[in-house]
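A.B. asks: Sharing model.txt (compact mmCIF, C-alpha atoms and all ligand atoms) below.
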```
# COMPACT_ATOMS: atom_id res chain seq x y z
CA MET T 1 0.00 0.00 0.00
CA SER T 2 1.63 3.17 -0.99
CA HIS T 3 1.35 6.67 0.34
CA GLU T 4 -0.94 8.02 -2.38
CA HIS T 5 -3.75 5.76 -1.20
CA LEU T 6 -3.87 7.54 2.14
CA SER T 7 -6.67 10.02 2.72
CA GLN T 8 -6.03 13.71 3.26
CA ALA T 9 -7.43 13.27 6.76
CA LEU T 10 -4.91 10.58 7.63
CA ARG T 11 -2.04 12.54 6.12
CA ARG T 12 -2.75 15.31 8.59
CA ILE T 13 -1.92 13.16 11.62
CA ALA T 14 1.06 11.30 13.10
CA ALA T 15 1.17 8.24 15.32
CA SER T 16 0.92 8.95 19.04
CA GLY T 17 4.31 10.16 20.34
CA THR T 18 3.95 8.36 23.65
CA THR T 19 3.12 5.05 22.00
CA ALA T 20 6.14 5.43 19.69
CA MET T 21 8.51 5.82 22.64
CA THR T 22 6.93 2.98 24.59
CA ASP T 23 7.22 0.68 21.55
CA ARG T 24 10.89 1.63 21.22
CA ALA T 25 11.53 0.86 24.89
CA THR T 26 9.75 -2.49 24.56
CA ALA T 27 11.84 -3.40 21.50
CA LEU T 28 15.08 -2.61 23.39
CA ARG T 29 13.91 -4.62 26.36
CA GLU T 30 13.07 -7.57 24.14
CA ALA T 31 16.60 -7.30 22.73
CA GLY T 32 17.88 -7.87 26.26
CA ARG T 33 18.51 -4.29 27.40
CA ASP T 34 17.61 -3.19 30.93
CA ILE T 35 15.14 -0.36 30.30
CA ILE T 36 12.88 1.34 32.84
CA SER T 37 9.81 2.59 31.05
CA LEU T 38 8.46 5.84 32.43
CA SER T 39 6.91 6.73 29.09
CA VAL T 40 3.54 5.06 29.40
CA GLY T 41 0.50 6.58 31.11
CA GLU T 42 -0.65 3.59 33.05
CA PRO T 43 -0.95 2.82 36.78
CA ASP T 44 1.32 -0.04 37.84
CA PHE T 45 -1.20 -1.27 40.44
CA ASP T 46 -3.07 -4.51 39.80
CA THR T 47 -6.69 -4.21 38.70
CA PRO T 48 -8.75 -4.60 41.93
CA PRO T 49 -9.97 -8.16 42.65
CA HIS T 50 -13.67 -7.21 42.76
CA VAL T 51 -13.35 -5.86 39.23
CA LEU T 52 -11.64 -9.05 38.04
CA GLY T 53 -14.38 -11.05 39.76
CA ALA T 54 -17.05 -9.14 37.85
CA ALA T 55 -15.23 -9.78 34.56
CA GLN T 56 -14.96 -13.48 35.36
CA GLY T 57 -18.63 -13.53 36.36
CA ALA T 58 -19.56 -12.01 33.01
CA LEU T 59 -17.57 -14.69 31.16
CA ASN T 60 -19.13 -17.47 33.21
CA THR T 61 -22.67 -16.24 32.64
CA GLY T 62 -22.39 -15.79 28.90
CA HIS T 63 -22.09 -12.01 28.73
CA THR T 64 -19.95 -12.44 25.68
CA LYS T 65 -22.23 -11.10 22.96
CA TYR T 66 -23.19 -7.73 21.47
CA THR T 67 -24.65 -5.18 23.85
CA PRO T 68 -26.53 -2.00 22.89
CA VAL T 69 -24.10 0.21 20.95
CA THR T 70 -23.97 2.95 23.58
CA GLY T 71 -23.48 0.47 26.41
CA THR T 72 -25.57 -1.74 28.67
CA LEU T 73 -28.27 0.04 30.66
CA ARG T 74 -26.59 -1.35 33.78
CA LEU T 75 -23.30 0.39 33.00
CA ARG T 76 -24.94 3.61 31.86
CA GLN T 77 -26.77 3.68 35.20
CA ALA T 78 -23.50 3.03 37.05
CA ALA T 79 -21.80 5.75 34.99
CA ALA T 80 -24.61 8.21 35.82
CA LEU T 81 -23.98 7.39 39.49
CA HIS T 82 -20.25 8.02 38.95
CA PHE T 83 -20.87 11.35 37.22
CA ARG T 84 -23.15 12.48 40.08
CA ARG T 85 -21.18 11.08 43.05
CA ASP T 86 -17.61 11.74 41.88
CA LEU T 87 -17.91 14.73 39.54
CA GLY T 88 -21.10 16.45 40.73
CA ILE T 89 -22.76 16.21 37.31
CA GLU T 90 -26.45 15.28 37.16
CA CYS T 91 -27.28 13.10 34.17
CA ARG T 92 -29.62 10.32 33.11
CA PRO T 93 -28.43 6.97 31.71
CA ASP T 94 -29.71 7.99 28.26
CA GLU T 95 -27.33 10.96 28.41
CA VAL T 96 -24.35 8.62 28.81
CA ILE T 97 -22.37 6.80 26.15
CA VAL T 98 -19.98 3.93 26.85
CA THR T 99 -16.94 3.84 24.58
CA ALA T 100 -13.78 1.77 24.07
CA GLY T 101 -11.72 3.92 26.43
CA GLY T 102 -11.93 7.63 27.13
CA LYS T 103 -9.94 8.09 23.92
CA GLN T 104 -12.81 6.91 21.74
CA ALA T 105 -15.26 9.27 23.44
CA LEU T 106 -12.95 12.25 22.85
CA PHE T 107 -12.40 11.23 19.23
CA GLU T 108 -16.12 10.80 18.60
CA ALA T 109 -17.12 14.12 20.19
CA LEU T 110 -14.68 15.94 17.91
CA ALA T 111 -15.37 13.81 14.83
CA VAL T 112 -19.13 14.43 14.89
CA THR T 113 -18.85 18.21 15.33
CA VAL T 114 -15.62 19.56 13.86
CA GLY T 115 -15.32 20.35 10.17
CA GLU T 116 -13.16 22.33 7.78
CA GLY T 117 -12.32 25.73 9.23
CA ASP T 118 -13.58 25.04 12.75
CA GLU T 119 -11.22 26.07 15.50
CA VAL T 120 -10.51 24.10 18.66
CA ILE T 121 -8.66 25.78 21.51
CA VAL T 122 -6.28 23.31 23.12
CA PRO T 123 -4.24 24.30 26.17
CA SER T 124 -0.60 23.46 25.57
CA PRO T 125 1.37 21.43 26.60
CA TRP T 126 -1.40 19.06 25.60
CA TRP T 127 -2.19 15.39 25.69
CA VAL T 128 -0.72 14.00 22.45
CA SER T 129 -3.98 12.91 20.85
CA TYR T 130 -6.06 16.10 21.13
CA PRO T 131 -4.41 17.97 18.24
CA GLN T 132 -4.32 14.83 16.11
CA MET T 133 -8.04 14.24 16.63
CA VAL T 134 -8.83 17.84 15.72
CA ARG T 135 -6.67 17.72 12.59
CA PHE T 136 -8.12 14.39 11.50
CA ALA T 137 -11.58 15.93 11.68
CA GLY T 138 -10.38 18.83 9.50
CA GLY T 139 -10.33 21.43 12.25
CA LYS T 140 -7.67 23.94 13.19
CA VAL T 141 -5.79 23.59 16.48
CA VAL T 142 -5.49 26.89 18.35
CA PRO T 143 -2.86 26.44 21.08
CA LEU T 144 -3.47 28.18 24.38
CA ILE T 145 0.04 28.29 25.76
CA THR T 146 0.44 27.77 29.49
CA GLN T 147 3.54 28.28 31.63
CA PRO T 148 5.22 26.34 34.46
CA HIS T 149 5.29 29.37 36.78
CA HIS T 150 1.49 29.44 36.42
CA LEU T 151 1.28 25.68 37.12
CA TYR T 152 0.34 25.24 33.45
CA ARG T 153 -3.09 26.81 33.90
CA PHE T 154 -4.50 29.54 31.70
CA ASP T 155 -6.39 32.61 32.85
CA PRO T 156 -9.89 33.38 31.58
CA GLY T 157 -8.49 36.43 29.76
CA ASP T 158 -5.97 34.25 27.84
CA LEU T 159 -8.87 32.14 26.67
CA GLU T 160 -11.06 35.04 25.62
CA ALA T 161 -8.24 36.51 23.52
CA LEU T 162 -8.26 33.37 21.34
CA ILE T 163 -12.01 32.95 20.84
CA THR T 164 -13.30 33.78 17.35
CA SER T 165 -16.59 33.19 15.57
CA ALA T 166 -15.02 29.94 14.27
CA THR T 167 -14.24 28.57 17.74
CA GLN T 168 -16.14 25.35 18.21
CA TRP T 169 -14.54 23.76 21.25
CA LEU T 170 -12.32 24.44 24.19
CA ILE T 171 -10.61 21.35 25.55
CA LEU T 172 -10.14 21.23 29.32
CA ASN T 173 -8.13 18.45 30.95
CA SER T 174 -7.96 18.59 34.72
CA PRO T 175 -6.00 16.93 36.28
CA GLY T 176 -3.95 17.21 33.13
CA ASN T 177 -1.60 15.07 31.13
CA PRO T 178 1.33 15.87 30.69
CA THR T 179 1.67 18.71 33.22
CA GLY T 180 -0.48 17.65 36.19
CA ALA T 181 -2.34 20.99 36.01
CA VAL T 182 -5.48 21.11 38.14
CA TYR T 183 -8.14 23.78 37.60
CA PRO T 184 -9.63 24.89 40.90
CA ARG T 185 -13.31 25.77 41.27
CA GLU T 186 -12.73 29.55 41.26
CA LEU T 187 -10.73 29.44 38.04
CA LEU T 188 -13.42 27.32 36.38
CA ARG T 189 -15.97 29.90 37.44
CA GLY T 190 -13.92 32.61 35.69
CA ILE T 191 -13.64 30.44 32.58
CA GLY T 192 -17.40 29.90 32.74
CA GLU T 193 -17.95 33.67 32.75
CA VAL T 194 -15.97 34.00 29.52
CA LEU T 195 -17.87 31.12 27.96
CA ARG T 196 -21.21 32.72 28.80
CA ARG T 197 -20.22 35.58 26.50
CA HIS T 198 -19.46 33.17 23.64
CA PRO T 199 -22.39 30.80 23.20
CA GLN T 200 -20.86 29.17 20.10
CA VAL T 201 -18.08 27.55 22.17
CA MET T 202 -18.54 24.06 23.53
CA VAL T 203 -16.28 22.48 26.13
CA LEU T 204 -14.77 19.04 26.01
CA SER T 205 -13.85 18.29 29.61
CA ASP T 206 -11.51 15.33 29.99
CA ASP T 207 -11.75 14.23 33.63
CA ILE T 208 -10.13 10.84 33.23
CA TYR T 209 -7.65 11.61 36.08
CA ALA T 210 -10.29 13.03 38.47
CA PRO T 211 -9.46 10.86 41.53
CA LEU T 212 -5.75 11.70 41.24
CA ASN T 213 -5.81 15.19 42.71
CA TYR T 214 -3.20 15.98 45.36
CA THR T 215 -4.42 19.46 46.31
CA GLY T 216 -6.68 18.21 49.10
CA GLU T 217 -9.58 20.00 47.40
CA PRO T 218 -12.46 17.99 45.94
CA HIS T 219 -12.36 17.54 42.18
CA ALA T 220 -13.94 20.45 40.29
CA THR T 221 -15.31 20.17 36.78
CA LEU T 222 -16.96 22.78 34.56
CA ALA T 223 -20.38 21.13 34.11
CA ALA T 224 -20.75 20.92 37.90
CA VAL T 225 -19.26 24.33 38.76
CA CYS T 226 -21.31 26.08 36.05
CA PRO T 227 -24.44 23.91 35.61
CA GLU T 228 -26.00 26.61 33.41
CA LEU T 229 -23.34 25.72 30.80
CA ALA T 230 -23.89 21.97 31.07
CA ASP T 231 -25.88 21.85 27.82
CA ARG T 232 -22.67 22.64 25.93
CA VAL T 233 -20.20 20.62 27.96
CA CYS T 234 -19.22 17.05 27.12
CA THR T 235 -17.50 15.41 30.10
CA VAL T 236 -15.36 12.34 29.51
CA SER T 237 -14.38 9.96 32.28
CA GLY T 238 -13.57 6.31 32.70
CA VAL T 239 -11.90 3.57 34.67
CA SER T 240 -8.57 3.22 32.85
CA LYS T 241 -6.49 5.46 35.09
CA SER T 242 -8.59 5.50 38.26
CA HIS T 243 -9.06 1.74 38.58
CA ALA T 244 -5.95 0.46 36.77
CA MET T 245 -8.11 -0.92 33.96
CA THR T 246 -6.32 0.41 30.86
CA GLY T 247 -6.60 -2.93 29.06
CA PHE T 248 -10.35 -3.25 29.55
CA ARG T 249 -10.92 -0.33 27.18
CA ILE T 250 -13.93 1.30 28.79
CA GLY T 251 -14.65 5.02 28.80
CA VAL T 252 -17.82 6.99 29.51
CA ALA T 253 -19.06 10.39 28.43
CA THR T 254 -22.04 12.58 29.20
CA GLY T 255 -23.28 15.71 27.51
CA PRO T 256 -26.24 17.15 25.66
CA ALA T 257 -28.57 14.46 24.26
CA TRP T 258 -28.01 15.56 20.63
CA LEU T 259 -24.25 15.10 20.98
CA ILE T 260 -24.46 11.74 22.75
CA GLU T 261 -26.87 10.56 20.03
CA ALA T 262 -24.46 11.71 17.30
CA MET T 263 -21.51 9.99 18.97
CA GLY T 264 -23.59 6.80 19.19
CA ARG T 265 -24.49 7.11 15.51
CA LEU T 266 -20.81 7.26 14.58
CA GLN T 267 -19.91 4.45 16.97
CA SER T 268 -22.66 2.21 15.62
CA ASN T 269 -20.97 2.32 12.23
CA ALA T 270 -17.34 2.42 13.34
CA SER T 271 -16.87 -0.05 16.17
CA GLY T 272 -20.17 -0.92 17.84
CA ASN T 273 -20.36 -1.52 21.55
CA ALA T 274 -17.38 -1.56 23.90
CA SER T 275 -16.45 -5.05 25.09
CA ALA T 276 -19.29 -6.72 27.01
CA VAL T 277 -16.89 -8.20 29.57
CA GLY T 278 -15.19 -4.85 30.05
CA GLN T 279 -18.57 -3.22 30.62
CA ALA T 280 -19.44 -5.71 33.37
CA ALA T 281 -16.06 -5.00 34.99
CA ALA T 282 -16.66 -1.24 34.79
CA VAL T 283 -20.02 -1.62 36.59
CA ALA T 284 -18.11 -3.19 39.50
CA ALA T 285 -15.54 -0.39 39.37
CA PHE T 286 -18.18 2.36 39.61
CA GLU T 287 -20.49 0.59 42.07
CA GLY T 288 -17.94 -1.28 44.19
CA PRO T 289 -15.72 0.00 47.02
CA GLN T 290 -14.04 3.34 46.37
CA GLU T 291 -11.96 3.65 49.54
CA PHE T 292 -8.83 2.12 48.01
CA LEU T 293 -8.67 5.07 45.60
CA GLN T 294 -7.55 7.26 48.50
CA GLU T 295 -4.79 4.81 49.32
CA TRP T 296 -3.66 4.77 45.69
CA ARG T 297 -3.76 8.54 45.56
CA GLU T 298 -1.53 8.73 48.64
CA ARG T 299 0.93 6.29 47.06
CA PHE T 300 1.02 8.39 43.90
CA ARG T 301 1.52 11.55 45.93
CA GLN T 302 4.54 10.02 47.68
CA ARG T 303 5.98 8.94 44.34
CA ARG T 304 5.41 12.40 42.94
CA ASP T 305 7.33 13.91 45.85
CA LEU T 306 10.18 11.45 45.38
CA VAL T 307 10.46 12.26 41.67
CA ILE T 308 10.20 16.03 42.11
CA GLN T 309 12.92 16.00 44.75
CA ALA T 310 15.22 13.93 42.56
CA ILE T 311 14.63 16.13 39.52
CA ARG T 312 15.31 19.32 41.41
CA ALA T 313 18.60 17.84 42.65
CA ILE T 314 19.87 17.35 39.06
CA PRO T 315 21.68 20.45 37.74
CA GLY T 316 19.86 21.84 34.69
CA LEU T 317 16.49 20.23 35.42
CA SER T 318 13.45 21.87 36.96
CA THR T 319 9.75 21.12 37.22
CA ALA T 320 6.53 22.69 38.44
CA THR T 321 4.79 20.63 41.11
CA PRO T 322 2.07 18.58 39.43
CA ASP T 323 -1.17 18.91 41.41
CA GLY T 324 -2.75 15.84 39.84
CA ALA T 325 -2.43 12.83 37.48
CA PHE T 326 0.85 10.88 37.53
CA TYR T 327 3.23 12.85 35.36
CA CYS T 328 6.05 15.27 35.92
CA PHE T 329 6.79 17.71 33.10
CA VAL T 330 10.49 18.42 33.29
CA ASP T 331 12.25 21.47 31.91
CA ALA T 332 15.82 20.88 30.73
CA LYS T 333 16.44 24.17 28.93
CA PRO T 334 19.92 24.82 30.41
CA LEU T 335 21.10 21.46 29.00
CA MET T 336 19.58 21.69 25.55
CA LYS T 337 22.69 22.94 23.70
CA ARG T 338 24.27 19.53 24.26
CA PHE T 339 21.39 17.97 22.37
CA GLY T 340 21.29 20.46 19.50
CA SER T 341 18.16 22.04 21.03
CA ASP T 342 16.25 18.89 20.11
CA ASP T 343 14.46 17.29 23.04
CA THR T 344 13.86 14.07 21.09
CA LYS T 345 17.66 13.66 21.11
CA LEU T 346 17.60 14.25 24.85
CA ALA T 347 14.90 11.56 25.29
CA LEU T 348 16.94 9.13 23.14
CA HIS T 349 20.03 9.90 25.22
CA LEU T 350 18.10 8.99 28.38
CA LEU T 351 16.86 5.82 26.67
CA GLU T 352 20.49 4.92 25.91
CA HIS T 353 21.04 5.19 29.67
CA GLY T 354 18.15 2.89 30.44
CA VAL T 355 15.14 5.17 31.03
CA ALA T 356 12.29 5.73 28.58
CA VAL T 357 10.63 9.15 28.85
CA VAL T 358 8.74 11.21 26.25
CA ALA T 359 10.13 14.44 24.77
CA ALA T 360 8.20 17.60 25.68
CA SER T 361 7.82 18.38 21.97
CA ALA T 362 5.45 15.39 21.63
CA PHE T 363 3.06 17.40 23.83
CA GLY T 364 3.47 20.73 22.05
CA GLY T 365 6.09 21.76 24.62
CA ARG T 366 9.85 22.10 24.19
CA ASP T 367 13.23 21.61 25.83
CA GLY T 368 12.27 18.88 28.23
CA PHE T 369 10.47 15.63 28.80
CA ARG T 370 7.60 13.96 30.61
CA ILE T 371 8.12 11.31 33.26
CA SER T 372 5.30 9.06 34.38
CA PHE T 373 5.64 8.33 38.09
CA ALA T 374 3.15 5.46 37.97
CA ALA T 375 5.88 3.01 38.95
CA ASP T 376 7.16 1.40 42.10
CA GLU T 377 9.27 3.62 44.43
CA ALA T 378 12.40 1.48 44.03
CA VAL T 379 12.03 1.61 40.24
CA LEU T 380 11.60 5.38 40.33
CA GLU T 381 14.68 5.78 42.50
CA GLU T 382 16.77 3.72 40.11
CA ALA T 383 15.38 5.64 37.13
CA MET T 384 16.21 8.98 38.69
CA GLN T 385 19.77 7.82 39.39
CA ARG T 386 20.14 6.77 35.77
CA ILE T 387 18.82 10.14 34.57
CA ALA T 388 21.23 11.98 36.89
CA ALA T 389 24.16 9.87 35.60
CA ALA T 390 23.12 10.36 31.96
CA LEU T 391 23.05 14.13 32.34
CA ARG T 392 26.24 14.34 34.40
CA GLU T 393 28.38 13.13 31.50
C1 LIG J 401 -5.60 13.03 29.18
C2 LIG J 401 -6.03 11.68 28.74
N1 LIG J 401 -7.26 11.52 28.25
C3 LIG J 401 -7.70 10.33 27.83
C4 LIG J 401 -6.90 9.23 27.87
C5 LIG J 401 -7.44 7.93 27.32
O1 LIG J 401 -7.72 7.00 28.26
P1 LIG J 401 -8.30 5.57 27.84
O2 LIG J 401 -7.20 4.58 28.08
O3 LIG J 401 -9.48 5.37 28.74
O4 LIG J 401 -8.70 5.63 26.41
C6 LIG J 401 -5.60 9.33 28.35
C7 LIG J 401 -4.71 8.17 28.35
O5 LIG J 401 -3.52 8.25 28.24
C8 LIG J 401 -5.16 10.59 28.81
O6 LIG J 401 -3.93 10.75 29.30
```
Give the structure from the file, written as structure tokens.
C.D. replies:
Amino acid sequence: MSHEHLSQALRRIAASGTTAMTDRATALREAGRDIISLSVGEPDFDTPPHVLGAAQGALNTGHTKYTPVTGTLRLRQAAALHFRRDLGIECRPDEVIVTAGGKQALFEALAVTVGEGDEVIVPSPWWVSYPQMVRFAGGKVVPLITQPHHLYRFDPGDLEALITSATQWLILNSPGNPTGAVYPRELLRGIGEVLRRHPQVMVLSDDIYAPLNYTGEPHATLAAVCPELADRVCTVSGVSKSHAMTGFRIGVATGPAWLIEAMGRLQSNASGNASAVGQAAAVAAFEGPQEFLQEWRERFRQRRDLVIQAIRAIPGLSTATPDGAFYCFVDAKPLMKRFGSDDTKLALHLLEHGVAVVAASAFGGRDGFRISFAADEAVLEEAMQRIAAALRE
């Protein structure tokens, strides 16, 4: 198959930068090299036993066939409970869609609304797939650049300066990948005020990391903080990150009925329902015990502190303190001359020294890299020693 067969839409996008690095690390490991992979966005904890039990129960009772395209009623009810209990968003099961991971929900929301000339405001540094999804749909990515000294959050005024009559979406991701930015309630209120002045703008709120918030404040999300805007907010959540269920491929989204219907229409022709077994497991995740999430959060917070301390002890490296998720976005500007100002070269240098990270440029940033701290403490300590040694040379 040669290049000229590829569609214009496909030619506008590249493969996910994080996946590329993880694949590279896996290949080296398979070739016998000792590589610590801090490139992947995945909790290292085991999937909880009650979730595994529900999956096994589904297999044993023949839940191995098609389900309704937008998900079983049981899971949509459980997801509605999750949206209300954990995010403060009131919704009915028919306003919920179940997808193959949060990623599919985000893709569908953009694919069914964005066309040629539409603008999507994406805070940068961004999660790798947002700009690709926008470009694939034919839209224009409008970066909203955020800074480490501002904990990678934007002010309402920064947002308003970028809104035009062509703006279709603002993407919000709190807690955020790759920076760990968390938008507090007050800031969301200010953003809501701007949005009230621009009724053409919808908001895609990616709350997939909601339980991983280290600020001590409850999670805040736009549709809950500004319920009067809820009819133009699509909120995406899931179980991948919160419940260590990345391989189950279950995501959930809620939003205005017309949008959820449109996403379902696309899904019915593209992939159909998410896995029936995965859906049964996700019911257990949403309805089962939640207390362990606090324990996990505390473990992640300790790991974050370990990594931040180690980074700040390495000459030339600095980082803002991530308030959520499990990533540290590291600035290496003072060292970049050694790598020809190319942070991919820096990431490959670290890989040579046994640690896989992802270059900041994969996230629309520059002169640095992202570390995932979703790994065991001993592994993180070893990784940080390797990074220190690699940069000492
Ligand atoms: C910000 C963000 N949104 C969405 C996703 C997708 O999650 P899922 O595995 O449920 O598709 C990820 C996963 O890396 C993510 O980091």
A.B. asks: Using all atoms listed in the file, find each residue of region 114-168 of chain T with at least one atom at most 10 Å away from an atom of region 321-339 of chain T; report its shortest atom-to-atom pair and that distance in Å (one decimal), sort the rows by chain and rising residue number, and return the result as a tab-separated table.
C.D. replies:
```
residue	atom	partner	partner_atom	distance
T:Pro125	CA	T:Phe329	CA	9.2
T:Pro148	CA	T:Thr321	CA	8.8
T:His149	CA	T:Thr321	CA	9.8
T:Leu151	CA	T:Thr321	CA	7.3
T:Tyr152	CA	T:Pro322	CA	9.1
```
A.B. asks: If we count all atoms listed in the file and set the cut-off at 12 Å, which residues sit around Leu52 (chain T), ignoring sequence neighbours fewer than 3 positions away in its own chain? Please answer as a ChimeraX atom specification.
C.D. replies: /T:46-49,55-59,243-245,247-248,277-285,288
A.B. asks: With C-alpha atoms retained, could you export that selection as a PDB file, keeping the file's coordinate frame?
C.D. replies:
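Saved result, out28.pdb, follows:
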```pdb
ATOM      1  CA  ASP T  46      -3.070  -4.510  39.800  1.00  0.00           C
ATOM      2  CA  THR T  47      -6.690  -4.210  38.700  1.00  0.00           C
ATOM      3  CA  PRO T  48      -8.750  -4.600  41.930  1.00  0.00           C
ATOM      4  CA  PRO T  49      -9.970  -8.160  42.650  1.00  0.00           C
ATOM      5  CA  ALA T  55     -15.230  -9.780  34.560  1.00  0.00           C
ATOM      6  CA  GLN T  56     -14.960 -13.480  35.360  1.00  0.00           C
ATOM      7  CA  GLY T  57     -18.630 -13.530  36.360  1.00  0.00           C
ATOM      8  CA  ALA T  58     -19.560 -12.010  33.010  1.00  0.00           C
ATOM      9  CA  LEU T  59     -17.570 -14.690  31.160  1.00  0.00           C
ATOM     10  CA  HIS T 243      -9.060   1.740  38.580  1.00  0.00           C
ATOM     11  CA  ALA T 244      -5.950   0.460  36.770  1.00  0.00           C
ATOM     12  CA  MET T 245      -8.110  -0.920  33.960  1.00  0.00           C
ATOM     13  CA  GLY T 247      -6.600  -2.930  29.060  1.00  0.00           C
ATOM     14  CA  PHE T 248     -10.350  -3.250  29.550  1.00  0.00           C
ATOM     15  CA  VAL T 277     -16.890  -8.200  29.570  1.00  0.00           C
ATOM     16  CA  GLY T 278     -15.190  -4.850  30.050  1.00  0.00           C
ATOM     17  CA  GLN T 279     -18.570  -3.220  30.620  1.00  0.00           C
ATOM     18  CA  ALA T 280     -19.440  -5.710  33.370  1.00  0.00           C
ATOM     19  CA  ALA T 281     -16.060  -5.000  34.990  1.00  0.00           C
ATOM     20  CA  ALA T 282     -16.660  -1.240  34.790  1.00  0.00           C
ATOM     21  CA  VAL T 283     -20.020  -1.620  36.590  1.00  0.00           C
ATOM     22  CA  ALA T 284     -18.110  -3.190  39.500  1.00  0.00           C
ATOM     23  CA  ALA T 285     -15.540  -0.390  39.370  1.00  0.00           C
ATOM     24  CA  GLY T 288     -17.940  -1.280  44.190  1.00  0.00           C
TER      25      GLY T 288
END
```
A.B. asks: Check the smallest atom-to-atom distance from each of T:Arg297, T:Arg265, T:Lys241, T:Arg366 to ligand LIG 401 (chain J) using only C-alpha atoms and all ligand atoms, then report the winner.
C.D. replies: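 Smallest separation from ligand LIG 401 (chain J) among the options: T:Lys241.
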A.B. asks: Figure out the distance between CA of Leu222 (chain T) and CA of Glu186 (chain T), please, to one decimal in Å.
C.D. replies: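 These atoms are spaced 10.4 Å apart.
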A.B. asks: Throw together the list of residues within 8 Å of ligand LIG 401 (chain J), counting all atoms listed in the file, and drop it here as a short mmCIF file (atom, residue, chain, number, x, y, z; two decimals) with C-alpha atoms, in the frame of the given file.
C.D. replies:
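Result saved to pocket.cif:
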```cif
data_model
loop_
_atom_site.label_atom_id
_atom_site.label_comp_id
_atom_site.auth_asym_id
_atom_site.auth_seq_id
_atom_site.Cartn_x
_atom_site.Cartn_y
_atom_site.Cartn_z
CA VAL T 40 3.54 5.06 29.40
CA GLY T 41 0.50 6.58 31.11
CA GLU T 42 -0.65 3.59 33.05
CA ALA T 100 -13.78 1.77 24.07
CA GLY T 101 -11.72 3.92 26.43
CA GLY T 102 -11.93 7.63 27.13
CA LYS T 103 -9.94 8.09 23.92
CA GLN T 104 -12.81 6.91 21.74
CA LEU T 106 -12.95 12.25 22.85
CA TRP T 127 -2.19 15.39 25.69
CA ASN T 173 -8.13 18.45 30.95
CA GLY T 176 -3.95 17.21 33.13
CA ASN T 177 -1.60 15.07 31.13
CA PRO T 178 1.33 15.87 30.69
CA ASP T 206 -11.51 15.33 29.99
CA ASP T 207 -11.75 14.23 33.63
CA ILE T 208 -10.13 10.84 33.23
CA TYR T 209 -7.65 11.61 36.08
CA SER T 237 -14.38 9.96 32.28
CA GLY T 238 -13.57 6.31 32.70
CA VAL T 239 -11.90 3.57 34.67
CA SER T 240 -8.57 3.22 32.85
CA LYS T 241 -6.49 5.46 35.09
CA THR T 246 -6.32 0.41 30.86
CA GLY T 247 -6.60 -2.93 29.06
CA ARG T 249 -10.92 -0.33 27.18
CA ILE T 250 -13.93 1.30 28.79
CA GLY T 251 -14.65 5.02 28.80
#
```
A.B. asks: Using CA of Thr18 (chain T) and CA of Ser39 (chain T) as the two end points, give the distance in Å to one decimal.
C.D. replies: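 Going from CA of Thr18 (chain T) over to CA of Ser39 (chain T) covers 6.4 Å.
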A.B. asks: Return the single residue from T:Ile311, T:Val141, T:Val128, T:Ala274 that is closest to Gly365 (chain T), with distances computed using only C-alpha atoms.
C.D. replies: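 Checking each of T:Ile311, T:Val141, T:Val128, T:Ala274 against Gly365 (chain T), counting only C-alpha atoms, the winner is T:Val128.
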A.B. asks: For Arg196 (chain T), please output as a ChimeraX atom specification all residues within 12 Å (counting all atoms listed in the file; exclusion window: fewer than 2 positions along the same chain).
C.D. replies: /T:156,160,189-194,198-203,226-232
A.B. asks: Since we have the selection now, will you write its residues out, keeping C-alpha atoms, as an mmCIF file, keeping the file's coordinate frame?
C.D. replies:
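part_13.cif written:
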```cif
data_model
loop_
_atom_site.group_PDB
_atom_site.id
_atom_site.type_symbol
_atom_site.label_atom_id
_atom_site.label_comp_id
_atom_site.auth_asym_id
_atom_site.auth_seq_id
_atom_site.Cartn_x
_atom_site.Cartn_y
_atom_site.Cartn_z
ATOM 1 C CA PRO T 156 -9.890 33.380 31.580
ATOM 2 C CA GLU T 160 -11.060 35.040 25.620
ATOM 3 C CA ARG T 189 -15.970 29.900 37.440
ATOM 4 C CA GLY T 190 -13.920 32.610 35.690
ATOM 5 C CA ILE T 191 -13.640 30.440 32.580
ATOM 6 C CA GLY T 192 -17.400 29.900 32.740
ATOM 7 C CA GLU T 193 -17.950 33.670 32.750
ATOM 8 C CA VAL T 194 -15.970 34.000 29.520
ATOM 9 C CA HIS T 198 -19.460 33.170 23.640
ATOM 10 C CA PRO T 199 -22.390 30.800 23.200
ATOM 11 C CA GLN T 200 -20.860 29.170 20.100
ATOM 12 C CA VAL T 201 -18.080 27.550 22.170
ATOM 13 C CA MET T 202 -18.540 24.060 23.530
ATOM 14 C CA VAL T 203 -16.280 22.480 26.130
ATOM 15 C CA CYS T 226 -21.310 26.080 36.050
ATOM 16 C CA PRO T 227 -24.440 23.910 35.610
ATOM 17 C CA GLU T 228 -26.000 26.610 33.410
ATOM 18 C CA LEU T 229 -23.340 25.720 30.800
ATOM 19 C CA ALA T 230 -23.890 21.970 31.070
ATOM 20 C CA ASP T 231 -25.880 21.850 27.820
ATOM 21 C CA ARG T 232 -22.670 22.640 25.930
#
```
A.B. asks: Could you work out how far CA of Ala79 (chain T) lies from CA of Cys91 (chain T), giving the answer in Å with one decimal?
C.D. replies: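 A separation of 9.2 Å between them.
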